[in-house]
file target-v9.txt (compact mmCIF, C-alpha atoms and all ligand atoms)
# COMPACT_ATOMS: atom_id res chain seq x y z
CA MET A 479 33.43 25.52 -0.68
CA PRO A 480 32.53 29.19 0.07
CA THR A 481 35.40 31.05 1.74
CA THR A 482 35.70 34.16 3.90
CA ALA A 483 38.76 36.27 4.68
CA ALA A 484 39.24 34.07 7.72
CA GLY A 485 39.32 30.88 5.62
CA PRO A 486 36.74 28.21 4.76
CA ALA A 487 33.25 29.15 6.00
CA THR A 488 32.24 25.59 6.76
CA GLU A 489 34.40 22.62 7.41
CA THR A 490 32.87 19.60 5.71
CA LYS A 491 34.58 16.48 6.95
CA THR A 492 35.28 14.29 3.96
CA PRO A 493 36.39 10.77 4.86
CA THR A 494 39.34 9.58 2.85
CA LEU A 495 41.55 6.52 2.72
CA PRO A 496 45.23 6.53 3.68
CA ALA A 497 47.55 7.54 0.82
CA TYR A 498 48.56 3.93 0.12
CA TRP A 499 44.97 2.90 -0.72
CA GLU A 500 44.31 6.10 -2.61
CA ALA A 501 47.33 5.43 -4.85
CA ARG A 502 46.31 1.82 -5.28
CA LEU A 503 42.78 2.80 -6.40
CA HIS A 504 44.25 5.33 -8.84
CA ARG A 505 46.57 2.65 -10.26
CA LEU A 506 43.53 0.41 -10.78
CA GLY A 507 41.83 3.16 -12.81
CA LEU A 508 39.29 3.77 -10.01
CA GLY A 509 40.55 7.26 -9.10
CA GLN A 510 37.42 9.05 -10.33
CA ILE A 511 35.17 6.63 -8.49
CA TYR A 512 37.26 7.13 -5.34
CA ASP A 513 36.85 10.92 -5.67
CA LYS A 514 33.09 10.54 -6.12
CA VAL A 515 32.79 8.31 -3.05
CA CYS A 516 34.82 10.77 -0.94
CA SER A 517 32.70 13.71 -2.00
CA GLY A 518 29.38 11.91 -1.67
CA VAL A 519 28.60 11.92 -5.41
CA ARG A 520 26.31 9.09 -6.53
CA LEU A 521 27.98 6.40 -8.66
CA SER A 522 26.62 5.81 -12.16
CA ALA A 523 25.69 2.44 -13.66
CA GLU A 524 28.95 2.59 -15.67
CA ASP A 525 30.89 3.09 -12.44
CA GLY A 526 29.16 0.02 -11.02
CA VAL A 527 30.19 -2.16 -13.97
CA ARG A 528 33.79 -0.92 -13.59
CA LEU A 529 33.76 -1.86 -9.93
CA TYR A 530 32.65 -5.40 -10.82
CA ALA A 531 35.59 -5.62 -13.28
CA CYS A 532 38.10 -4.83 -10.52
CA HIS A 533 39.95 -7.93 -9.35
CA ASP A 534 41.69 -6.24 -6.43
CA GLN A 535 39.14 -7.10 -3.76
CA ASN A 536 41.31 -5.60 -1.02
CA ALA A 537 41.15 -2.19 -2.71
CA LEU A 538 37.44 -2.53 -3.52
CA GLY A 539 36.74 -3.66 0.03
CA ALA A 540 38.73 -0.74 1.50
CA LEU A 541 36.63 1.69 -0.53
CA ALA A 542 33.36 0.02 0.48
CA ASN A 543 34.54 -0.06 4.09
CA LEU A 544 34.95 3.71 4.01
CA VAL A 545 31.22 4.07 3.28
CA ARG A 546 30.30 1.31 5.70
CA GLU A 547 32.13 3.01 8.57
CA GLN A 548 30.69 6.40 7.66
CA LYS A 549 27.18 4.94 7.92
CA ASN A 550 27.58 2.47 10.78
CA GLY A 551 30.87 3.17 12.55
CA ASN A 552 32.32 0.02 14.08
CA ASP A 553 28.90 -1.54 14.82
CA ALA A 554 27.93 -4.93 13.39
CA TYR A 555 24.31 -5.97 13.78
CA PHE A 556 22.54 -9.26 14.42
CA ASN A 557 19.09 -10.20 15.71
CA ARG A 558 17.24 -13.01 17.47
CA ASN A 559 15.01 -14.43 14.79
CA LEU A 560 13.08 -17.60 14.00
CA ARG A 561 12.42 -18.65 10.40
CA ILE A 562 9.25 -20.45 9.40
CA ASP A 563 8.63 -21.71 5.87
CA TYR A 564 4.87 -22.38 6.00
CA THR A 565 4.63 -24.35 2.74
CA ASN A 566 7.00 -25.69 0.11
CA ILE A 567 4.18 -26.25 -2.40
CA CYS A 568 4.62 -23.79 -5.24
CA ASN A 569 3.39 -23.46 -8.81
CA LYS A 570 6.07 -21.01 -10.01
CA GLN A 571 8.72 -23.55 -11.09
CA CYS A 572 11.72 -21.22 -10.71
CA THR A 573 14.76 -22.97 -12.13
CA PHE A 574 17.03 -21.92 -9.23
CA CYS A 575 14.83 -23.38 -6.49
CA ALA A 576 15.38 -26.73 -4.74
CA PHE A 577 12.84 -26.09 -2.01
CA ASP A 578 9.60 -26.15 -4.01
CA ARG A 579 7.26 -29.07 -4.74
CA LEU A 580 4.52 -28.83 -7.36
CA PRO A 581 0.92 -29.19 -6.11
CA GLY A 582 0.30 -32.95 -5.81
CA GLU A 583 4.02 -33.87 -5.85
CA ALA A 584 5.44 -36.09 -3.10
CA GLY A 585 7.17 -34.26 -0.27
CA GLY A 586 4.90 -31.21 -0.32
CA TYR A 587 3.75 -29.79 3.02
CA VAL A 588 1.58 -27.02 4.42
CA LEU A 589 1.87 -25.98 8.07
CA THR A 590 -1.54 -25.38 9.64
CA PRO A 591 -2.04 -22.39 11.95
CA GLU A 592 -1.84 -24.91 14.83
CA ASP A 593 1.50 -26.24 13.51
CA ILE A 594 2.80 -22.68 13.37
CA GLU A 595 1.60 -21.98 16.88
CA ALA A 596 3.45 -25.12 18.04
CA ARG A 597 6.63 -24.10 16.13
CA VAL A 598 6.67 -20.77 17.93
CA ARG A 599 5.87 -22.36 21.32
CA GLN A 600 8.79 -24.75 20.81
CA TRP A 601 11.07 -21.75 21.43
CA ASP A 602 9.24 -20.49 24.53
CA HIS A 603 12.47 -20.68 26.52
CA VAL A 604 14.41 -18.50 24.05
CA ARG A 605 14.32 -14.70 23.75
CA LEU A 606 13.27 -13.81 20.21
CA THR A 607 12.38 -10.48 18.62
CA GLU A 608 11.42 -11.56 15.09
CA VAL A 609 9.63 -14.31 13.20
CA HIS A 610 10.61 -14.33 9.51
CA MET A 611 7.97 -16.32 7.62
CA VAL A 612 7.71 -17.07 3.89
CA GLY A 613 6.42 -19.86 1.66
CA GLY A 614 5.79 -21.04 -1.89
CA ILE A 615 2.84 -19.94 -4.01
CA ASN A 616 0.40 -22.68 -3.17
CA PRO A 617 -2.78 -22.13 -5.21
CA ARG A 618 -4.92 -24.12 -2.76
CA LEU A 619 -4.41 -21.71 0.14
CA PRO A 620 -7.26 -19.21 0.64
CA PHE A 621 -6.60 -15.64 1.79
CA GLY A 622 -7.94 -16.44 5.28
CA TYR A 623 -5.08 -18.94 5.74
CA TYR A 624 -2.48 -16.15 5.57
CA LEU A 625 -4.41 -14.11 8.15
CA ASP A 626 -4.72 -17.18 10.39
CA ILE A 627 -0.99 -17.97 10.37
CA LEU A 628 -0.16 -14.38 11.31
CA ARG A 629 -2.68 -14.52 14.16
CA ALA A 630 -1.25 -17.89 15.28
CA ILE A 631 2.18 -16.30 15.83
CA LYS A 632 0.76 -13.31 17.67
CA ARG A 633 -1.34 -15.58 19.91
CA VAL A 634 1.85 -17.10 21.27
CA ARG A 635 4.04 -13.98 21.18
CA PRO A 636 1.86 -10.84 20.97
CA ASN A 637 4.85 -8.47 20.89
CA ILE A 638 7.09 -10.26 18.43
CA HIS A 639 7.80 -8.54 15.11
CA VAL A 640 6.42 -10.60 12.22
CA LYS A 641 8.38 -10.06 9.02
CA ALA A 642 6.52 -12.11 6.47
CA PHE A 643 5.54 -12.61 2.83
CA THR A 644 7.64 -11.53 -0.14
CA MET A 645 6.10 -9.41 -2.88
CA VAL A 646 5.44 -12.65 -4.78
CA GLU A 647 3.17 -13.85 -1.98
CA ILE A 648 1.61 -10.39 -1.60
CA ALA A 649 0.77 -10.47 -5.35
CA GLN A 650 -0.94 -13.84 -4.91
CA MET A 651 -2.92 -12.58 -1.88
CA ILE A 652 -4.08 -9.46 -3.73
CA ARG A 653 -5.30 -11.73 -6.54
CA ILE A 654 -7.26 -14.10 -4.30
CA SER A 655 -8.52 -11.74 -1.59
CA LYS A 656 -10.58 -9.68 -4.07
CA LEU A 657 -10.19 -6.76 -1.65
CA GLY A 658 -7.87 -4.66 -3.80
CA PRO A 659 -4.19 -3.97 -3.04
CA GLU A 660 -4.45 -1.48 -0.16
CA ALA A 661 -7.21 -3.34 1.69
CA THR A 662 -5.30 -6.62 1.32
CA VAL A 663 -2.22 -5.12 2.96
CA ALA A 664 -4.40 -3.47 5.61
CA ALA A 665 -6.03 -6.83 6.45
CA LEU A 666 -2.59 -8.45 6.76
CA ARG A 667 -1.40 -5.66 9.06
CA GLU A 668 -4.54 -6.00 11.16
CA ALA A 669 -3.81 -9.75 11.53
CA GLY A 670 -0.24 -9.09 12.70
CA LEU A 671 2.06 -8.36 9.73
CA ASP A 672 4.77 -5.86 10.78
CA SER A 673 7.14 -5.74 7.79
CA CYS A 674 8.07 -7.67 4.64
CA PRO A 675 11.22 -9.59 3.71
CA GLY A 676 13.12 -8.93 0.51
CA GLY A 677 12.96 -12.27 -1.31
CA GLY A 678 11.50 -12.93 -4.74
CA ALA A 679 13.24 -10.07 -6.54
CA GLU A 680 15.99 -12.42 -7.81
CA VAL A 681 17.45 -10.11 -10.49
CA LEU A 682 15.35 -7.10 -11.52
CA ASN A 683 15.95 -7.61 -15.23
CA GLU A 684 13.55 -8.86 -17.91
CA ARG A 685 15.98 -11.29 -19.60
CA VAL A 686 16.77 -13.06 -16.33
CA HIS A 687 13.08 -13.03 -15.39
CA LYS A 688 12.12 -14.74 -18.66
CA GLU A 689 14.87 -17.33 -18.39
CA LEU A 690 14.71 -18.26 -14.71
CA PHE A 691 11.40 -17.35 -13.15
CA ARG A 692 8.94 -16.43 -15.87
CA LEU A 693 5.84 -17.69 -14.00
CA LYS A 694 6.59 -15.42 -11.07
CA ILE A 695 6.04 -11.64 -10.95
CA GLY A 696 8.68 -9.70 -12.88
CA PRO A 697 10.79 -6.64 -12.03
CA ASP A 698 8.12 -3.98 -12.59
CA GLU A 699 5.49 -5.69 -10.47
CA TRP A 700 7.97 -6.54 -7.68
CA LEU A 701 8.96 -2.87 -7.48
CA SER A 702 5.42 -1.56 -7.66
CA LEU A 703 4.32 -3.89 -4.84
CA GLN A 704 7.26 -2.70 -2.75
CA ARG A 705 6.08 0.85 -3.43
CA LEU A 706 2.60 -0.19 -2.29
CA VAL A 707 3.73 -1.77 0.99
CA HIS A 708 5.98 1.21 1.77
CA ARG A 709 3.06 3.57 1.11
CA CYS A 710 0.90 1.44 3.41
CA GLY A 711 3.42 2.12 6.18
CA LEU A 712 5.41 -1.13 6.18
CA ARG A 713 9.19 -1.28 5.95
CA SER A 714 10.91 -4.02 3.93
CA THR A 715 14.25 -5.30 2.72
CA ALA A 716 15.57 -6.08 -0.77
CA THR A 717 17.57 -9.08 -1.95
CA MET A 718 19.45 -10.01 -5.14
CA LEU A 719 20.13 -13.61 -6.11
CA TYR A 720 23.54 -13.67 -7.86
CA GLY A 721 25.90 -16.29 -9.22
CA HIS A 722 23.78 -17.95 -11.95
CA ILE A 723 23.19 -16.54 -15.46
CA GLU A 724 23.15 -12.82 -14.70
CA THR A 725 25.80 -10.42 -16.00
CA PRO A 726 27.51 -7.68 -13.94
CA ALA A 727 25.51 -5.07 -15.90
CA GLU A 728 22.27 -6.83 -14.93
CA ARG A 729 23.27 -6.81 -11.25
CA ILE A 730 23.93 -3.10 -11.54
CA GLU A 731 20.56 -2.54 -13.24
CA HIS A 732 18.99 -4.31 -10.24
CA MET A 733 20.77 -1.98 -7.79
CA VAL A 734 19.95 1.16 -9.75
CA ARG A 735 16.26 0.24 -9.82
CA LEU A 736 16.27 -0.36 -6.05
CA ARG A 737 18.09 2.91 -5.47
CA GLU A 738 15.49 4.81 -7.50
CA LEU A 739 12.61 3.32 -5.51
CA GLN A 740 14.44 4.02 -2.26
CA ASP A 741 14.77 7.69 -3.29
CA GLU A 742 11.01 7.73 -3.71
CA THR A 743 9.83 5.85 -0.60
CA GLY A 744 12.75 5.42 1.82
CA GLY A 745 11.08 2.15 2.86
CA PHE A 746 13.98 -0.29 2.40
CA GLN A 747 15.97 -1.04 5.51
CA ALA A 748 18.69 -3.27 4.14
CA PHE A 749 20.04 -4.90 1.00
CA ILE A 750 20.94 -8.60 1.09
CA PRO A 751 22.95 -10.14 -1.76
CA LEU A 752 22.05 -13.88 -1.83
CA ALA A 753 24.66 -16.32 -3.16
CA PHE A 754 23.11 -18.91 -5.51
CA HIS A 755 23.39 -22.54 -4.34
CA PRO A 756 22.98 -24.86 -7.35
CA ALA A 757 22.59 -28.38 -5.84
CA ASN A 758 19.25 -30.12 -6.54
CA THR A 759 18.11 -27.31 -8.87
CA GLU A 760 17.69 -27.22 -12.65
CA LEU A 761 20.92 -25.19 -12.69
CA SER A 762 22.95 -27.83 -10.83
CA HIS A 763 25.58 -27.78 -13.62
CA LEU A 764 26.66 -24.31 -12.41
CA PRO A 765 29.57 -24.15 -9.99
CA GLY A 766 28.13 -21.88 -7.28
CA THR A 767 29.82 -18.72 -6.07
CA THR A 768 33.30 -18.24 -4.63
CA GLY A 769 34.18 -16.32 -1.48
CA LEU A 770 35.76 -13.64 -3.62
CA GLU A 771 32.62 -13.18 -5.67
CA ASP A 772 30.56 -13.00 -2.47
CA LEU A 773 32.79 -10.23 -1.12
CA ARG A 774 32.67 -8.35 -4.41
CA ASN A 775 28.87 -8.29 -4.35
CA ILE A 776 28.90 -6.98 -0.80
CA SER A 777 31.38 -4.23 -1.71
CA VAL A 778 29.77 -3.15 -4.98
CA SER A 779 26.30 -3.01 -3.42
CA ARG A 780 27.64 -0.94 -0.50
CA LEU A 781 29.09 1.55 -2.98
CA MET A 782 26.11 1.66 -5.37
CA LEU A 783 23.29 1.76 -2.80
CA ASP A 784 24.16 5.10 -1.24
CA ASN A 785 20.62 5.52 0.13
CA PHE A 786 20.50 2.14 1.93
CA ASP A 787 21.61 2.23 5.57
CA HIS A 788 22.51 -1.44 5.86
CA ILE A 789 24.10 -4.23 3.80
CA LYS A 790 23.49 -7.68 5.19
CA ALA A 791 25.94 -10.58 4.79
CA TYR A 792 23.46 -13.42 5.43
CA TRP A 793 25.71 -15.97 7.16
CA ILE A 794 23.47 -18.88 6.14
CA MET A 795 24.25 -18.32 2.44
CA LEU A 796 27.75 -16.86 2.63
CA SER A 797 29.03 -19.08 5.47
CA PRO A 798 30.09 -17.70 8.86
CA PRO A 799 33.75 -17.11 7.75
CA VAL A 800 32.83 -15.13 4.62
CA SER A 801 30.25 -13.13 6.63
CA GLN A 802 32.97 -12.25 9.10
CA ILE A 803 35.31 -10.95 6.39
CA SER A 804 32.35 -9.11 4.78
CA LEU A 805 32.19 -6.90 7.86
CA TRP A 806 35.39 -5.25 6.56
CA HIS A 807 34.26 -5.18 2.90
CA GLY A 808 31.02 -3.20 3.17
CA ALA A 809 28.57 -5.24 5.28
CA ASP A 810 27.36 -4.17 8.72
CA ASP A 811 24.87 -6.97 9.51
CA ILE A 812 25.06 -10.77 9.51
CA ASP A 813 21.34 -11.60 10.11
CA GLY A 814 20.42 -13.60 13.19
CA THR A 815 19.99 -16.88 15.00
CA VAL A 816 17.65 -18.04 12.16
CA LEU A 817 16.69 -21.26 13.98
CA GLU A 818 16.27 -23.74 11.16
CA GLU A 819 16.72 -22.54 7.60
CA THR A 820 15.46 -24.84 4.84
CA ILE A 821 15.47 -23.03 1.46
CA VAL A 822 19.23 -23.06 0.77
CA HIS A 823 19.87 -26.23 2.73
CA GLU A 824 17.69 -28.06 0.18
CA ALA A 825 20.03 -26.51 -2.40
CA GLY A 826 23.15 -27.95 -0.83
CA ALA A 827 24.18 -25.35 1.75
CA THR A 828 26.60 -26.90 4.23
CA THR A 829 26.36 -24.09 6.80
CA PRO A 830 24.60 -24.79 10.12
CA THR A 831 20.82 -24.20 10.11
CA ALA A 832 20.96 -22.05 13.25
CA LEU A 833 23.48 -20.21 15.44
CA THR A 834 23.24 -19.22 19.08
CA VAL A 835 23.49 -15.59 20.14
CA GLU A 836 26.81 -16.42 21.82
CA ALA A 837 28.14 -17.81 18.53
CA LEU A 838 27.01 -14.70 16.59
CA ILE A 839 28.61 -12.41 19.16
CA GLY A 840 31.80 -14.48 19.02
CA LEU A 841 31.92 -14.30 15.20
CA ILE A 842 31.54 -10.53 15.23
CA ARG A 843 33.94 -9.94 18.13
CA GLU A 844 36.66 -11.91 16.42
CA THR A 845 36.58 -9.40 13.54
CA GLY A 846 37.16 -6.42 15.82
CA ARG A 847 33.68 -5.02 15.19
CA THR A 848 31.24 -4.26 18.02
CA PRO A 849 28.32 -6.74 18.18
CA VAL A 850 24.98 -4.91 18.42
CA GLU A 851 21.73 -6.77 18.88
CA ARG A 852 19.05 -4.95 16.89
CA ASP A 853 15.33 -5.36 16.38
CA THR A 854 13.88 -5.80 12.89
CA LEU A 855 13.71 -2.03 12.40
CA TYR A 856 17.41 -1.70 13.24
CA ARG A 857 16.83 -0.11 16.63
CA PRO A 858 19.81 -1.11 18.79
CA LEU A 859 18.74 -3.26 21.76
CA GLN A 860 22.07 -4.19 23.32
CA LYS A 861 25.77 -3.59 22.65
CA PHE A 862 28.21 -6.34 23.58
O1 LIG B 1 13.58 -15.37 -2.64
C1 LIG B 1 15.96 -19.60 -3.61
C2 LIG B 1 16.53 -17.31 -2.66
C3 LIG B 1 15.23 -16.28 -1.15
C4 LIG B 1 17.93 -20.42 -3.77
O2 LIG B 1 14.64 -10.04 3.89
C5 LIG B 1 18.04 -19.16 -3.19
O3 LIG B 1 16.08 -9.99 5.53
C6 LIG B 1 20.31 -19.37 -3.06
O4 LIG B 1 14.77 -13.78 0.70
N1 LIG B 1 20.28 -20.58 -3.65
C7 LIG B 1 14.61 -16.44 0.23
N2 LIG B 1 19.21 -18.65 -2.82
C8 LIG B 1 15.53 -15.92 1.31
C9 LIG B 1 15.39 -14.44 1.48
C10 LIG B 1 16.01 -13.76 2.65
C11 LIG B 1 17.04 -14.37 3.35
C12 LIG B 1 17.58 -13.70 4.43
C13 LIG B 1 17.12 -12.47 4.83
C14 LIG B 1 16.10 -11.88 4.11
C15 LIG B 1 15.57 -10.56 4.53
C16 LIG B 1 15.54 -12.51 2.99
O5 LIG B 1 16.21 -17.28 -1.31
C17 LIG B 1 14.38 -16.46 -2.36
C18 LIG B 1 15.41 -16.68 -3.43
O6 LIG B 1 15.88 -15.44 -3.92
N3 LIG B 1 16.80 -18.68 -3.12
N4 LIG B 1 16.64 -20.68 -4.02
C19 LIG B 1 19.13 -21.15 -4.01
N5 LIG B 1 19.09 -22.33 -4.62
call {"tool": "encode", "arguments": {"input": "target-v9.txt", "output": "structure tokens", "more": "lines below"}}
Ligand code: V47
result
Amino acid sequence: MPTTAAGPATETKTPTLPAYWEARLHRLGLGQIYDKVCSGVRLSAEDGVRLYACHDQNALGALANLVREQKNGNDAYFNRNLRIDYTNICNKQCTFCAFDRLPGEAGGYVLTPEDIEARVRQWDHVRLTEVHMVGGINPRLPFGYYLDILRAIKRVRPNIHVKAFTMVEIAQMIRISKLGPEATVAALREAGLDSCPGGGAEVLNERVHKELFRLKIGPDEWLSLQRLVHRCGLRSTATMLYGHIETPAERIEHMVRLRELQDETGGFQAFIPLAFHPANTELSHLPGTTGLEDLRNISVSRLMLDNFDHIKAYWIMLSPPVSQISLWHGADDIDGTVLEETIVHEAGATTPTALTVEALIGLIRETGRTPVERDTLYRPLQKF
């Protein structure tokens, strides 16, 4: 720091942990990482792998919490959202998925634009700010269908924010629309698309791509489509599906690749680590994640993704109790009311499929954080 005769020229306020935690991190061999975090120096991939090797989750969580509070103070976000899964028919055959049905297989469904209109009308009596809509890659759906389902939502709720279509679906639409990438996104925006969710990335690593989801777009294409939607003026989120065959180094590769794209576009609003649920999937022999592993992924991502404002602990996948604890281990958001999740419930999730606003506020309040209702773009709407 430059100094003058009168002392330091500028006082930069560096947040630190109390001496007890500082000593504990040093004892764990994480002293250098602690120093980097306190001085705002970006962590390397090697640092990330070392964080994953740390078994002292209290210490890791305290460090992640330092960053979390620097970015978001005591606030913990939630929103009023409705999920719609417009089709479960999918030709991608991802081994981790229990939700999909092959074209022609029993149990497949497609919601018509009228069905979607009715689904939204069903909640006429409830205040909502977001519809989160995704589906499988159903080769029989023409491009006009996607425009029609967006318009169906906006017919019922013209001002609601529609967060829809992962990069996997966007890739399919670009292929079938024959309009080219930019014009495809422009047509979707015109029909009512406001932002994109972060699914479909799984793990941004070629080995995992080949083993688990080889028929779906891979890491390079997922990232380049994110770049495209950001350049077209849409914001999005990013997920990571963990707890299957991926290694800690592969999770870190995923985060580093997201961080690089975020440096370039600034278009990601939040990162959401998704805990793998194995039931009814081809990977049903795997045990599923533990609460400790869930917390570790929240903490490591908070520390690695220095250019992401928000880390979301999606209560549907982590469970309400683990989401609560996450708010002290790096997360600042627990997602929303959801109103009927299906994807992980087909894969054995035992969490509720929806929560009321009162329940979300109660969960957050119990942790000592301040519940803040946000819109999809993280603008605060109400503090409780
Ligand atoms: O892309 C599929 C994952 C994702 C399983 O953007 C599974 O704010 C666990 O992306 N076990 C869809 N996960 C959900 C998603 C999401 C959720 C919440 C918020 C946001 C957001 C996005 O679910 C899929 C896939 O990665 N998934 N099968 C399973 N068996």
call {"tool": "residues_around", "arguments": {"input": "target-v9.txt", "residues": "Asp810 of chain A", "least_positions_apart": "5", "cutoff": "7 Å", "atoms": "only C-alpha atoms", "output": "list of chain:residue names"}}
result
A:Arg546, A:Asn550, A:Asp553, A:Ala554, A:Tyr555, A:His788, A:Ile789, A:Lys790, A:Leu805
call {"tool": "closest_residue", "arguments": {"input": "target-v9.txt", "among": "A:Ser779, A:Thr573, A:Thr828, A:Gln802", "to": "ligand LIG 1 (chain B)", "atoms": "only C-alpha atoms and all ligand atoms"}}
result
A:Thr573
call {"tool": "residues_near_ligand", "arguments": {"input": "target-v9.txt", "ligand": "ligand LIG 1 (chain B)", "cutoff": "7 Å", "atoms": "only C-alpha atoms and all ligand atoms", "output": "PDB file with C-alpha atoms, in the frame of the given file"}}
result
ATOM      1  CA  PHE A 574      17.030 -21.920  -9.230  1.00  0.00           C
ATOM      2  CA  CYS A 575      14.830 -23.380  -6.490  1.00  0.00           C
ATOM      3  CA  ALA A 576      15.380 -26.730  -4.740  1.00  0.00           C
ATOM      4  CA  PHE A 577      12.840 -26.090  -2.010  1.00  0.00           C
ATOM      5  CA  PRO A 675      11.220  -9.590   3.710  1.00  0.00           C
ATOM      6  CA  GLY A 676      13.120  -8.930   0.510  1.00  0.00           C
ATOM      7  CA  GLY A 677      12.960 -12.270  -1.310  1.00  0.00           C
ATOM      8  CA  GLY A 678      11.500 -12.930  -4.740  1.00  0.00           C
ATOM      9  CA  ALA A 679      13.240 -10.070  -6.540  1.00  0.00           C
ATOM     10  CA  GLU A 680      15.990 -12.420  -7.810  1.00  0.00           C
ATOM     11  CA  THR A 715      14.250  -5.300   2.720  1.00  0.00           C
ATOM     12  CA  ALA A 716      15.570  -6.080  -0.770  1.00  0.00           C
ATOM     13  CA  THR A 717      17.570  -9.080  -1.950  1.00  0.00           C
ATOM     14  CA  MET A 718      19.450 -10.010  -5.140  1.00  0.00           C
ATOM     15  CA  LEU A 719      20.130 -13.610  -6.110  1.00  0.00           C
ATOM     16  CA  ILE A 750      20.940  -8.600   1.090  1.00  0.00           C
ATOM     17  CA  LEU A 752      22.050 -13.880  -1.830  1.00  0.00           C
ATOM     18  CA  ALA A 753      24.660 -16.320  -3.160  1.00  0.00           C
ATOM     19  CA  PHE A 754      23.110 -18.910  -5.510  1.00  0.00           C
ATOM     20  CA  HIS A 755      23.390 -22.540  -4.340  1.00  0.00           C
ATOM     21  CA  PRO A 756      22.980 -24.860  -7.350  1.00  0.00           C
ATOM     22  CA  THR A 759      18.110 -27.310  -8.870  1.00  0.00           C
ATOM     23  CA  TYR A 792      23.460 -13.420   5.430  1.00  0.00           C
ATOM     24  CA  MET A 795      24.250 -18.320   2.440  1.00  0.00           C
ATOM     25  CA  ASP A 813      21.340 -11.600  10.110  1.00  0.00           C
ATOM     26  CA  ILE A 821      15.470 -23.030   1.460  1.00  0.00           C
ATOM     27  CA  VAL A 822      19.230 -23.060   0.770  1.00  0.00           C
ATOM     28  CA  ALA A 825      20.030 -26.510  -2.400  1.00  0.00           C
TER      29      ALA A 825
END
call {"tool": "atom_distance", "arguments": {"input": "target-v9.txt", "atom1": "atom CA of Ile803 of chain A", "atom2": "atom CA of Tyr720 of chain A"}}
result
18.7 Å
call {"tool": "closest_atom_pairs", "arguments": {"input": "target-v9.txt", "of": "segment 629-682 of chain A", "to": "segment 696-709 of chain A", "cutoff": "8 Å", "atoms": "only C-alpha atoms", "output": "JSON lines"}}
result
{"residue": "A:Met645", "atom": "CA", "partner": "A:Trp700", "partner_atom": "CA", "distance": 5.9}
{"residue": "A:Val646", "atom": "CA", "partner": "A:Trp700", "partner_atom": "CA", "distance": 7.2}
{"residue": "A:Ile648", "atom": "CA", "partner": "A:Leu703", "partner_atom": "CA", "distance": 7.8}
{"residue": "A:Ala649", "atom": "CA", "partner": "A:Leu703", "partner_atom": "CA", "distance": 7.5}
{"residue": "A:Pro659", "atom": "CA", "partner": "A:Leu706", "partner_atom": "CA", "distance": 7.8}
{"residue": "A:Glu660", "atom": "CA", "partner": "A:Leu706", "partner_atom": "CA", "distance": 7.5}
{"residue": "A:Val663", "atom": "CA", "partner": "A:Val707", "partner_atom": "CA", "distance": 7.1}
{"residue": "A:Gly678", "atom": "CA", "partner": "A:Trp700", "partner_atom": "CA", "distance": 7.9}
{"residue": "A:Ala679", "atom": "CA", "partner": "A:Trp700", "partner_atom": "CA", "distance": 6.4}
{"residue": "A:Val681", "atom": "CA", "partner": "A:Pro697", "partner_atom": "CA", "distance": 7.7}
{"residue": "A:Leu682", "atom": "CA", "partner": "A:Pro697", "partner_atom": "CA", "distance": 4.6}
call {"tool": "closest_atom_pairs", "arguments": {"input": "target-v9.txt", "of": "segment 520-583 of chain A", "to": "segment 762-775 of chain A", "cutoff": "8 Å", "atoms": "all atoms listed in the file", "output": "tab-separated table"}}
result
residue	atom	partner	partner_atom	distance
A:Tyr530	CA	A:Arg774	CA	7.1
A:Gln535	CA	A:Arg774	CA	6.6
A:Leu538	CA	A:Arg774	CA	7.6
A:Gly539	CA	A:Arg774	CA	7.6
